[in-house]
file my_file36.cif (mmCIF, C-alpha atoms)
data_data
#
loop_
_atom_site.label_atom_id
_atom_site.label_comp_id
_atom_site.auth_asym_id
_atom_site.auth_seq_id
_atom_site.Cartn_x
_atom_site.Cartn_y
_atom_site.Cartn_z
CA LEU S 1 -9.26 6.41 43.16
CA ARG S 2 -9.64 10.11 43.05
CA LYS S 3 -13.00 11.55 42.20
CA GLY S 4 -13.43 12.25 38.46
CA ASP S 5 -10.87 9.72 37.08
CA GLU S 6 -13.47 7.42 35.49
CA GLY S 7 -12.95 8.76 31.92
CA ASN S 8 -9.14 8.36 31.77
CA THR S 9 -9.26 4.95 30.15
CA ILE S 10 -11.41 6.04 27.23
CA VAL S 11 -9.23 9.11 26.63
CA GLU S 12 -6.06 7.00 26.65
CA MET S 13 -7.65 4.54 24.25
CA ALA S 14 -8.73 7.35 21.92
CA LEU S 15 -5.16 8.68 21.88
CA MET S 16 -3.47 5.29 21.34
CA LEU S 17 -5.89 3.65 18.89
CA PRO S 18 -4.70 5.58 15.77
CA ILE S 19 -1.07 4.69 16.54
CA LEU S 20 -1.99 1.06 17.06
CA MET S 21 -4.02 0.92 13.85
CA MET S 22 -1.20 2.51 11.78
CA THR S 23 1.25 -0.02 13.20
CA MET S 24 -1.07 -2.91 12.32
CA LEU S 25 -1.61 -1.53 8.80
CA GLY S 26 2.16 -1.24 8.31
CA ILE S 27 2.64 -4.85 9.36
CA TYR S 28 -0.10 -5.90 6.94
CA ILE S 29 1.48 -4.04 4.00
CA LEU S 30 4.93 -5.45 4.75
CA GLY S 31 3.38 -8.91 4.91
CA ILE S 32 1.92 -8.47 1.43
CA MET S 33 5.28 -7.28 0.10
CA PHE S 34 7.04 -10.26 1.68
CA THR S 35 4.49 -12.64 0.17
CA ASN S 36 4.99 -11.06 -3.27
CA TYR S 37 8.77 -11.31 -2.90
CA THR S 38 8.57 -14.95 -1.86
CA SER S 39 6.30 -15.76 -4.82
CA LEU S 40 8.62 -13.91 -7.19
CA THR S 41 11.72 -15.69 -5.88
CA GLN S 42 10.17 -19.15 -6.03
CA GLY S 43 8.68 -18.51 -9.47
CA THR S 44 12.01 -17.27 -10.83
CA GLY S 45 13.79 -20.39 -9.59
CA ALA S 46 11.13 -22.62 -11.14
CA ALA S 47 11.37 -20.71 -14.44
CA ALA S 48 15.15 -21.17 -14.52
CA GLU S 49 14.73 -24.91 -13.94
CA TYR S 50 12.10 -25.01 -16.67
CA LEU S 51 14.44 -23.15 -19.05
CA GLN S 52 17.14 -25.70 -18.30
CA SER S 53 14.71 -28.52 -19.11
CA LEU S 54 14.12 -27.01 -22.57
CA GLN S 55 17.60 -28.03 -23.73
CA THR S 56 16.09 -30.92 -25.67
CA GLU S 57 13.90 -28.59 -27.75
CA PRO S 58 14.86 -28.33 -31.43
CA VAL S 59 17.06 -25.46 -32.62
CA GLY S 60 14.93 -22.40 -33.46
CA THR S 61 12.36 -23.01 -30.72
CA ASP S 62 11.13 -19.87 -28.95
CA VAL S 63 12.25 -20.87 -25.44
CA CYS S 64 11.75 -17.31 -24.11
CA GLY S 65 8.08 -17.39 -25.01
CA MET S 66 7.74 -20.82 -23.44
CA VAL S 67 9.37 -19.60 -20.20
CA TRP S 68 7.14 -16.50 -20.16
CA THR S 69 4.03 -18.66 -20.54
CA PHE S 70 5.30 -20.98 -17.81
CA LEU S 71 6.09 -18.13 -15.40
CA ALA S 72 3.25 -15.68 -16.02
CA GLY S 73 0.65 -17.93 -17.59
CA ALA S 74 -1.43 -17.27 -20.66
CA THR S 75 -3.77 -14.93 -18.79
CA PRO S 76 -3.17 -12.60 -15.83
CA ASN S 77 -3.00 -14.18 -12.37
CA THR S 78 -2.19 -17.68 -13.64
CA GLY S 79 1.08 -19.55 -14.11
CA VAL S 80 3.75 -20.24 -11.50
CA VAL S 81 3.17 -16.94 -9.67
CA PRO S 82 -0.63 -16.58 -9.71
CA SER S 83 -0.63 -14.05 -6.86
CA LEU S 84 1.23 -11.50 -9.01
CA ASP S 85 -0.25 -9.48 -11.86
CA SER S 86 1.62 -10.72 -14.94
CA SER S 87 1.07 -7.41 -16.77
CA GLN S 88 3.42 -5.76 -14.23
CA LEU S 89 5.96 -8.57 -14.19
CA THR S 90 9.27 -7.96 -16.01
CA LEU S 91 11.20 -10.98 -17.21
CA THR S 92 14.79 -11.01 -18.48
CA ILE S 93 16.31 -14.17 -19.94
CA THR S 94 20.00 -14.47 -20.70
CA LEU S 95 21.08 -17.40 -22.82
CA ASN S 96 24.56 -17.97 -24.25
CA THR S 97 24.65 -14.41 -25.58
CA ASP S 98 25.69 -11.02 -24.25
CA SER S 99 22.33 -9.40 -24.98
CA PRO S 100 19.51 -10.46 -22.65
CA VAL S 101 15.95 -10.78 -23.89
CA SER S 102 13.47 -8.93 -21.70
CA GLY S 103 9.85 -7.92 -21.70
CA THR S 104 7.00 -6.63 -19.56
CA GLY S 105 3.58 -8.16 -19.96
CA SER S 106 4.97 -10.37 -22.71
CA ILE S 107 8.40 -11.16 -24.01
CA ARG S 108 9.81 -10.97 -27.49
CA ALA S 109 10.81 -14.22 -29.10
CA CYS S 110 14.31 -15.60 -28.82
CA ASP S 111 14.99 -18.42 -31.22
CA THR S 112 17.69 -20.68 -29.87
CA THR S 113 20.79 -21.70 -31.73
CA SER S 114 22.74 -24.85 -31.04
CA SER S 115 25.20 -22.90 -28.84
CA ASP S 116 22.50 -21.20 -26.72
CA MET S 117 21.41 -24.37 -24.97
CA ALA S 118 24.59 -26.46 -25.28
CA SER S 119 26.00 -28.44 -22.39
CA GLY S 120 27.98 -26.25 -19.97
CA VAL S 121 26.13 -23.02 -20.88
CA LYS S 122 24.76 -20.93 -18.01
CA VAL S 123 21.22 -19.61 -18.53
CA THR S 124 19.79 -16.90 -16.28
CA VAL S 125 16.23 -15.84 -15.53
CA ALA S 126 15.73 -12.49 -13.77
CA THR S 127 12.39 -11.00 -12.75
CA SER S 128 11.18 -7.69 -11.38
CA TYR S 129 7.84 -6.68 -9.87
CA PRO S 130 6.80 -3.24 -8.56
CA CYS S 131 6.13 -2.70 -4.87
CA ASN S 132 2.51 -2.00 -4.01
CA PHE S 133 2.02 0.81 -1.50
CA VAL S 134 -1.68 1.56 -2.09
CA VAL S 135 -3.46 2.05 1.22
CA PHE S 136 -7.09 3.18 1.33
CA GLY S 137 -6.85 4.33 -2.29
CA HIS S 138 -3.73 6.46 -1.76
CA ASP S 139 -0.61 5.38 -3.66
CA TYR S 140 2.32 5.92 -1.30
CA SER S 141 4.81 4.84 -3.99
CA ARG S 142 4.39 8.27 -5.62
CA ASN S 143 5.87 11.48 -4.27
CA SER S 144 3.90 14.74 -3.98
CA GLY S 145 4.57 15.54 -7.66
CA GLY S 146 3.00 12.27 -8.79
CA THR S 147 6.30 10.71 -9.87
CA VAL S 148 6.66 7.02 -9.05
CA VAL S 149 9.36 6.34 -6.50
CA ALA S 150 11.47 3.42 -7.65
CA CYS S 151 10.59 0.36 -5.60
CA ASN S 152 10.94 -2.98 -7.31
CA LEU S 153 11.13 -6.49 -5.98
CA THR S 154 13.76 -8.40 -7.95
CA ALA S 155 14.91 -12.00 -8.14
CA ALA S 156 17.36 -13.92 -10.34
CA ALA S 157 18.25 -17.56 -10.80
CA SER S 158 20.85 -19.28 -12.97
CA GLN S 159 21.10 -22.85 -14.15
CA LEU S 160 23.92 -24.69 -15.88
CA ILE S 161 22.86 -26.75 -18.88
CA HIS S 162 24.13 -30.29 -18.56
#
call {"tool": "encode", "arguments": {"input": "my_file36.cif", "output": "structure tokens"}}
result
Amino acid sequence: LRKGDEGNTIVEMALMLPILMMTMLGIYILGIMFTNYTSLTQGTGAAAEYLQSLQTEPVGTDVCGMVWTFLAGATPNTGVVPSLDSSQLTLTITLNTDSPVSGTGSIRACDTTSSDMASGVKVTVATSYPCNFVVFGHDYSRNSGGTVVACNLTAAASQLIH
């Protein structure tokens, strides 16, 4: 060792620690996003299966409201996807019609007709949830002007009524 090299290690650590911490924080945020996406995908599939099971409900039943309650729960952070905030969850249900029923935070009623849930009809449940890029109180999903940059996690599942 040359004389005066004792402080090199602490200087190198001081230079590398911020880079290491930012890398670890990035991995953490991506992990949260992946967990949210997995919850959203599994919940959407379960909601589509639940919608298919409602084929025995009487004509005029609000199946969209029942699916919303099943997926998001009656209160925030309950239901099939308790890790997601249901007030930010968007749900779109397509029955045997060309116009899907959708809603955020709640969903408008869709009264079924006999052809909506008939055998051989494909029903689709699609969901969307915003990405969360808030780190240390700073929302990175907004640009410098404050406009939200579009980043949504989406999932869809279809079931055939039989």
call {"tool": "residues_near_point", "arguments": {"input": "my_file36.cif", "point": "(19.8, -9.0, -7.3)", "cutoff": "12 Å", "atoms": "only C-alpha atoms", "output": "MDAnalysis selection string"}}
result
chainID S and resid 41 44 124:128 152:158
call {"tool": "atom_distance", "arguments": {"input": "my_file36.cif", "atom1": "CA of Leu91 in chain S", "atom2": "CA of Cys64 in chain S"}}
result
9.4 Å
call {"tool": "resolve_selection", "arguments": {"input": "my_file36.cif", "expression": "the PyMOL selection byres ((chain S and resi 59) around 12)", "output": "compact mmCIF listing (two decimals) with C-alpha atoms, in the frame of the given file"}}
result
# COMPACT_ATOMS: atom_id res chain seq x y z
CA LEU S 54 14.12 -27.01 -22.57
CA GLN S 55 17.60 -28.03 -23.73
CA THR S 56 16.09 -30.92 -25.67
CA GLU S 57 13.90 -28.59 -27.75
CA PRO S 58 14.86 -28.33 -31.43
CA GLY S 60 14.93 -22.40 -33.46
CA THR S 61 12.36 -23.01 -30.72
CA ASP S 62 11.13 -19.87 -28.95
CA VAL S 63 12.25 -20.87 -25.44
CA CYS S 110 14.31 -15.60 -28.82
CA ASP S 111 14.99 -18.42 -31.22
CA THR S 112 17.69 -20.68 -29.87
CA THR S 113 20.79 -21.70 -31.73
CA SER S 114 22.74 -24.85 -31.04
CA SER S 115 25.20 -22.90 -28.84
CA ASP S 116 22.50 -21.20 -26.72
CA MET S 117 21.41 -24.37 -24.97
CA ALA S 118 24.59 -26.46 -25.28
call {"tool": "resolve_selection", "arguments": {"input": "my_file36.cif", "expression": "the PyMOL selection byres ((chain S and resi 67) around 12)", "output": "PyMOL selection string"}}
result
chain S and resi 43-54+61-66+68-74+79-80+91-94+101-103+106-110+123-127
call {"tool": "atom_distance", "arguments": {"input": "my_file36.cif", "atom1": "CA of Phe136 in chain S", "atom2": "CA of Cys151 in chain S"}}
result
19.2 Å
call {"tool": "closest_residue", "arguments": {"input": "my_file36.cif", "among": "S:Ile27, S:Ile32, S:Leu84, S:Ile161", "to": "Ser119 in chain S", "atoms": "only C-alpha atoms"}}
result
S:Ile161
call {"tool": "atom_distance", "arguments": {"input": "my_file36.cif", "atom1": "CA of Phe34 in chain S", "atom2": "CA of Leu17 in chain S"}}
result
25.6 Å
